[in-house]
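Accompanying notes for the structure given below.
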Amino acid sequence: MSRQKLAELGRLLREMDHVLVCFSGGVDSSFMLRVAHDVLGARALALTTVSPTNPDEDTEEAMLLARELGVEHIVVHANELDIPNYRENPVDRCYFCKSSLYEIAGREAERRSVAWIIDGVNADDLGDYRPGLRAASERTIRHPLAEVGLTKQQIRELSRELGLRTFDRPASPCLSSRFPYGTAITLEGLDRVARGEKWLRARGIRECRVRYYGERARVEVPLGDVERLSAEPLRGELEACFHDIGFAEVEIDPRGFRSGRLNETLRAPDRR
């Protein structure tokens, strides 16, 4: 089934002929870029925006992979905090972020006479709360992976077959997703979150979130790491590090990590 969808993806890309891939360096967009490059060669370009809301490691990974593939890589510096309504962190924050990204991509595509702008949205994403999809629909952004029905797991499996080291990479949404809706997003807060998660990853915890509650941080790690992180000496080192970063309090969520947890507070009508 996955191979059949991959073949369909190739056919779709050949019909498009010339594409600009919105490329974050994550699992989905890396796979999208690799297949687009395999099918279209130099007629597949990549675009990455560099912003304080993105972890540095993600930007570095995107640049490295584009260089390894030999893809023309357009890098644009942007700051989502300058976008009206974004800093206040409404429930549709991602709409404003994606609108800005697609406007940037649109200008670059027009300048290079590229026919289509595509991204790494997969079939699973269509059932999730993603305000960014509305921004895409307003600008005719294509989602080839979703169009052929490729799921996240299938993309990981095919990425492994293609030799992409991103095949098992944990999900890495923007750092603004660590702020509960309605909590203002600031450069200082983003920096605290980034430094906290970097400390956790340096201790072998690949999948983690530092949720920002002003002076308090809530750390989410996989259940298998909760006990290790809660015991000495790591617990003391964690507290010392987070106090140095600027948090007055730090707690470890005993329920463990779960992606999209902050979305669980949304009422059903808001999830349309």
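Each chain of the structure tokens is named A, B, ... in the order shown, its residues numbered from 1; ligands are numbered from 1 in display order.
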**Message:** Quick one: residues within 8 Å of segment 172-175 of chain A, only C-alpha atoms, excluding same-chain residues fewer than 6 positions away - as a PyMOL selection string?
**Reply:** chain A and resi 26+53-55+58+190+193-194
So that I have them on file, write out the residues from the current selection with N, CA, C and O atoms, as a PDB file, in the first residue's frame.
```pdb
ATOM      1  N   GLY A  26      11.627  18.579   9.235  1.00  0.00           N
ATOM      2  CA  GLY A  26      10.978  17.515   9.975  1.00  0.00           C
ATOM      3  C   GLY A  26      10.767  16.269   9.121  1.00  0.00           C
ATOM      4  O   GLY A  26      11.136  16.224   7.947  1.00  0.00           O
ATOM      5  N   THR A  53      11.046  31.356  16.822  1.00  0.00           N
ATOM      6  CA  THR A  53      10.089  30.351  17.286  1.00  0.00           C
ATOM      7  C   THR A  53      10.489  28.935  16.881  1.00  0.00           C
ATOM      8  O   THR A  53       9.835  27.975  17.292  1.00  0.00           O
ATOM      9  N   ASN A  54      11.542  28.799  16.087  1.00  0.00           N
ATOM     10  CA  ASN A  54      11.999  27.478  15.646  1.00  0.00           C
ATOM     11  C   ASN A  54      13.268  27.077  16.394  1.00  0.00           C
ATOM     12  O   ASN A  54      14.195  27.890  16.505  1.00  0.00           O
ATOM     13  N   PRO A  55      13.349  25.850  16.881  1.00  0.00           N
ATOM     14  CA  PRO A  55      14.591  25.394  17.522  1.00  0.00           C
ATOM     15  C   PRO A  55      15.763  25.478  16.549  1.00  0.00           C
ATOM     16  O   PRO A  55      15.624  25.155  15.358  1.00  0.00           O
ATOM     17  N   ASP A  58      16.506  22.418  14.457  1.00  0.00           N
ATOM     18  CA  ASP A  58      15.651  22.154  13.302  1.00  0.00           C
ATOM     19  C   ASP A  58      16.164  22.889  12.070  1.00  0.00           C
ATOM     20  O   ASP A  58      16.198  22.341  10.962  1.00  0.00           O
ATOM     21  N   LEU A 190      10.523  32.242  24.757  1.00  0.00           N
ATOM     22  CA  LEU A 190      10.975  31.298  23.739  1.00  0.00           C
ATOM     23  C   LEU A 190      12.385  30.812  24.034  1.00  0.00           C
ATOM     24  O   LEU A 190      12.695  29.630  23.874  1.00  0.00           O
ATOM     25  N   VAL A 193      12.360  28.268  26.937  1.00  0.00           N
ATOM     26  CA  VAL A 193      11.865  26.971  26.475  1.00  0.00           C
ATOM     27  C   VAL A 193      12.932  26.237  25.650  1.00  0.00           C
ATOM     28  O   VAL A 193      13.200  25.049  25.866  1.00  0.00           O
ATOM     29  N   ALA A 194      13.548  26.955  24.723  1.00  0.00           N
ATOM     30  CA  ALA A 194      14.563  26.340  23.856  1.00  0.00           C
ATOM     31  C   ALA A 194      15.739  25.818  24.668  1.00  0.00           C
ATOM     32  O   ALA A 194      16.230  24.701  24.431  1.00  0.00           O
TER      33      ALA A 194
END
```
**Message:** DSSP on the backbone, alpha helix (DSSP H) only: what residues of segment 111-205 of chain A does that give? Format it as a PyMOL selection string.
**Reply:** chain A and resi 111+132-137+144-147+152-161+187-202
**Message:** Given only C-alpha atoms as the basis, pick out the residue of A:Arg218, A:Arg192, A:Ala66, A:Leu238 nearest to Glu251 of chain A.
**Reply:**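 Smallest distance to Glu251 of chain A is found for A:Arg218.
Proximity of A:Phe242, A:Phe23, A:Tyr129, A:Phe247 to Ala105 of chain A, computed with only C-alpha atoms, is greatest for A:Phe23.
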**Request:** Name the residues of segment 25-257 of chain A that fall into strand (DSSP E or B) according to DSSP on the backbone, using the chain letters and numbers of this document, as a ChimeraX atom specification.
**Result:** /A:44-50,73-77,116-118,142,209-213,216-220,249-252
**Fill in**
Pairwise distance, atom CA of Pro131 of chain A with atom CA of Ser99 of chain A, equals 10.0 Å
**Request:** Extract, using only C-alpha atoms, all DNA, RNA and protein residues at most 10 Å from Glu138 of chain A, discarding same-chain residues fewer than 4 positions from it, and format them as a PyMOL selection string.
**Result:** chain A and resi 99+102+133-134
**Item:** Nearest residue to Ala109 of chain A from the set A:Val19, A:Ile83, A:Ala171, A:Ala78 (distances using only C-alpha atoms)
**Value:**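 The closest residue to Ala109 of chain A is A:Val19.
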**Asked** Can you list, as a PyMOL selection string, every protein, DNA or RNA residue that comes within 9 Å of Leu6 of chain A when you count only C-alpha atoms, leaving out same-chain residues fewer than 3 positions away?
**Response** chain A and resi 1-3+9-11+35+145+148+150+158
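Closest approach to Gly196 of chain A among A:Glu57, A:Glu239, A:Asp17, A:Glu88 is made by A:Glu239 (distances from only C-alpha atoms).
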Excluding Leu126 of chain A and any residue of its chain fewer than 4 positions from it, enumerate the residues within 12 Å of it, using only C-alpha atoms, and give them as a short mmCIF file (atom, residue, chain, number, x, y, z; two decimals) with all heavy atoms, in the first residue's frame.
```cif
data_model
loop_
_atom_site.label_atom_id
_atom_site.label_comp_id
_atom_site.auth_asym_id
_atom_site.auth_seq_id
_atom_site.Cartn_x
_atom_site.Cartn_y
_atom_site.Cartn_z
N GLY A 120 4.40 19.62 3.73
CA GLY A 120 4.51 18.25 4.23
C GLY A 120 3.29 17.77 5.00
O GLY A 120 3.40 16.80 5.76
N VAL A 121 2.15 18.42 4.84
CA VAL A 121 0.93 17.97 5.52
C VAL A 121 0.60 16.55 5.07
O VAL A 121 0.59 16.25 3.87
CB VAL A 121 -0.24 18.92 5.21
CG1 VAL A 121 -1.57 18.32 5.69
CG2 VAL A 121 -0.02 20.27 5.87
N ASN A 122 0.35 15.65 6.03
CA ASN A 122 0.03 14.26 5.69
C ASN A 122 -1.44 13.95 5.97
O ASN A 122 -2.18 14.81 6.48
CB ASN A 122 0.96 13.30 6.44
CG ASN A 122 0.77 13.34 7.95
OD1 ASN A 122 -0.34 13.12 8.45
ND2 ASN A 122 1.84 13.62 8.69
N ARG A 130 -5.80 22.05 13.14
CA ARG A 130 -4.70 22.72 12.45
C ARG A 130 -5.22 23.95 11.72
O ARG A 130 -5.60 23.87 10.54
CB ARG A 130 -4.00 21.76 11.49
CG ARG A 130 -3.23 20.66 12.21
CD ARG A 130 -2.48 19.76 11.27
NE ARG A 130 -1.75 18.75 12.01
CZ ARG A 130 -0.46 18.87 12.38
NH1 ARG A 130 0.21 19.95 12.08
NH2 ARG A 130 0.12 17.90 13.06
N PRO A 131 -5.23 25.10 12.40
CA PRO A 131 -5.69 26.34 11.77
C PRO A 131 -4.86 26.71 10.54
O PRO A 131 -5.35 27.43 9.66
CB PRO A 131 -5.53 27.39 12.87
CG PRO A 131 -5.53 26.61 14.15
CD PRO A 131 -4.88 25.31 13.82
N GLY A 132 -3.63 26.23 10.46
CA GLY A 132 -2.78 26.52 9.31
C GLY A 132 -3.34 25.99 8.01
O GLY A 132 -3.05 26.52 6.93
N LEU A 133 -4.19 24.95 8.09
CA LEU A 133 -4.80 24.41 6.87
C LEU A 133 -5.73 25.43 6.23
O LEU A 133 -5.88 25.47 5.01
CB LEU A 133 -5.55 23.12 7.19
CG LEU A 133 -4.70 21.92 7.60
CD1 LEU A 133 -5.58 20.74 7.98
CD2 LEU A 133 -3.75 21.53 6.48
N ARG A 134 -6.35 26.27 7.05
CA ARG A 134 -7.21 27.32 6.50
C ARG A 134 -6.37 28.33 5.72
O ARG A 134 -6.77 28.78 4.64
CB ARG A 134 -7.97 28.02 7.64
CG ARG A 134 -8.83 29.19 7.19
CD ARG A 134 -9.90 29.50 8.22
NE ARG A 134 -9.34 29.81 9.52
CZ ARG A 134 -9.08 31.06 9.95
NH1 ARG A 134 -9.30 32.08 9.16
NH2 ARG A 134 -8.59 31.26 11.16
N HIS A 143 -1.04 19.87 -0.75
CA HIS A 143 -0.55 18.91 0.25
C HIS A 143 -0.43 17.54 -0.42
O HIS A 143 -1.28 16.66 -0.21
CB HIS A 143 -1.51 18.81 1.44
CG HIS A 143 -2.00 20.12 1.97
ND1 HIS A 143 -1.17 21.13 2.38
CD2 HIS A 143 -3.27 20.58 2.17
CE1 HIS A 143 -1.90 22.15 2.81
NE2 HIS A 143 -3.16 21.83 2.69
N LEU A 145 1.28 14.81 0.04
CA LEU A 145 1.29 13.61 0.88
C LEU A 145 -0.13 13.26 1.32
O LEU A 145 -0.52 12.08 1.31
CB LEU A 145 2.17 13.83 2.11
CG LEU A 145 3.64 14.21 1.85
CD1 LEU A 145 4.38 14.41 3.17
CD2 LEU A 145 4.32 13.12 1.02
N ALA A 146 -0.89 14.27 1.70
CA ALA A 146 -2.28 14.03 2.10
C ALA A 146 -3.13 13.65 0.89
O ALA A 146 -4.04 12.81 1.00
CB ALA A 146 -2.85 15.28 2.77
N GLU A 147 -2.84 14.24 -0.26
CA GLU A 147 -3.63 13.97 -1.46
C GLU A 147 -3.57 12.50 -1.87
O GLU A 147 -4.54 11.95 -2.39
CB GLU A 147 -3.17 14.87 -2.61
CG GLU A 147 -3.56 16.32 -2.44
CD GLU A 147 -3.14 17.17 -3.62
OE1 GLU A 147 -3.28 16.71 -4.77
OE2 GLU A 147 -2.67 18.31 -3.41
N GLY A 149 -2.92 10.14 0.35
CA GLY A 149 -3.31 9.35 1.51
C GLY A 149 -2.19 8.79 2.35
O GLY A 149 -2.39 7.85 3.11
N LEU A 150 -0.99 9.37 2.26
CA LEU A 150 0.13 8.88 3.07
C LEU A 150 -0.01 9.32 4.52
O LEU A 150 -0.17 10.50 4.82
CB LEU A 150 1.46 9.38 2.50
CG LEU A 150 2.02 8.58 1.32
CD1 LEU A 150 3.13 9.36 0.63
CD2 LEU A 150 2.53 7.22 1.77
N THR A 151 0.07 8.35 5.44
CA THR A 151 0.00 8.64 6.87
C THR A 151 1.40 8.87 7.44
O THR A 151 2.40 8.59 6.78
CB THR A 151 -0.65 7.47 7.62
OG1 THR A 151 0.22 6.31 7.50
CG2 THR A 151 -2.02 7.14 7.04
N LYS A 152 1.42 9.33 8.67
CA LYS A 152 2.71 9.58 9.33
C LYS A 152 3.55 8.30 9.39
O LYS A 152 4.75 8.32 9.09
CB LYS A 152 2.48 10.12 10.74
CG LYS A 152 3.73 10.58 11.46
CD LYS A 152 4.17 11.92 10.90
CE LYS A 152 5.19 12.57 11.80
NZ LYS A 152 5.46 13.98 11.40
N ARG A 271 -12.72 23.42 17.39
CA ARG A 271 -11.86 22.49 16.68
C ARG A 271 -12.28 22.29 15.21
O ARG A 271 -11.77 21.44 14.52
CB ARG A 271 -11.85 21.13 17.39
CG ARG A 271 -11.24 21.21 18.76
CD ARG A 271 -11.32 19.87 19.45
NE ARG A 271 -10.49 18.89 18.79
CZ ARG A 271 -9.20 18.70 19.04
NH1 ARG A 271 -8.60 19.46 19.91
NH2 ARG A 271 -8.52 17.77 18.42
N ARG A 272 -13.22 23.10 14.76
CA ARG A 272 -13.67 22.97 13.38
C ARG A 272 -12.64 23.52 12.41
O ARG A 272 -11.93 24.44 12.72
CB ARG A 272 -14.98 23.72 13.18
CG ARG A 272 -16.17 23.02 13.79
CD ARG A 272 -17.42 23.76 13.44
NE ARG A 272 -18.08 24.20 14.67
CZ ARG A 272 -19.09 25.05 14.68
NH1 ARG A 272 -19.53 25.56 13.57
NH2 ARG A 272 -19.66 25.38 15.79
#
```
**Message:** One number please: atom CA of Ile185 of chain A to atom CA of Asn89 of chain A, in Å, one decimal.
**Reply:**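 Going from atom CA of Ile185 of chain A over to atom CA of Asn89 of chain A, I get 6.5 Å.
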**Message:** My list of candidates is A:Val91, A:Leu200, A:Val75, A:Leu65. Which is closest to Gly163 of chain A when distances are computed with only C-alpha atoms?
**Reply:** A:Leu65
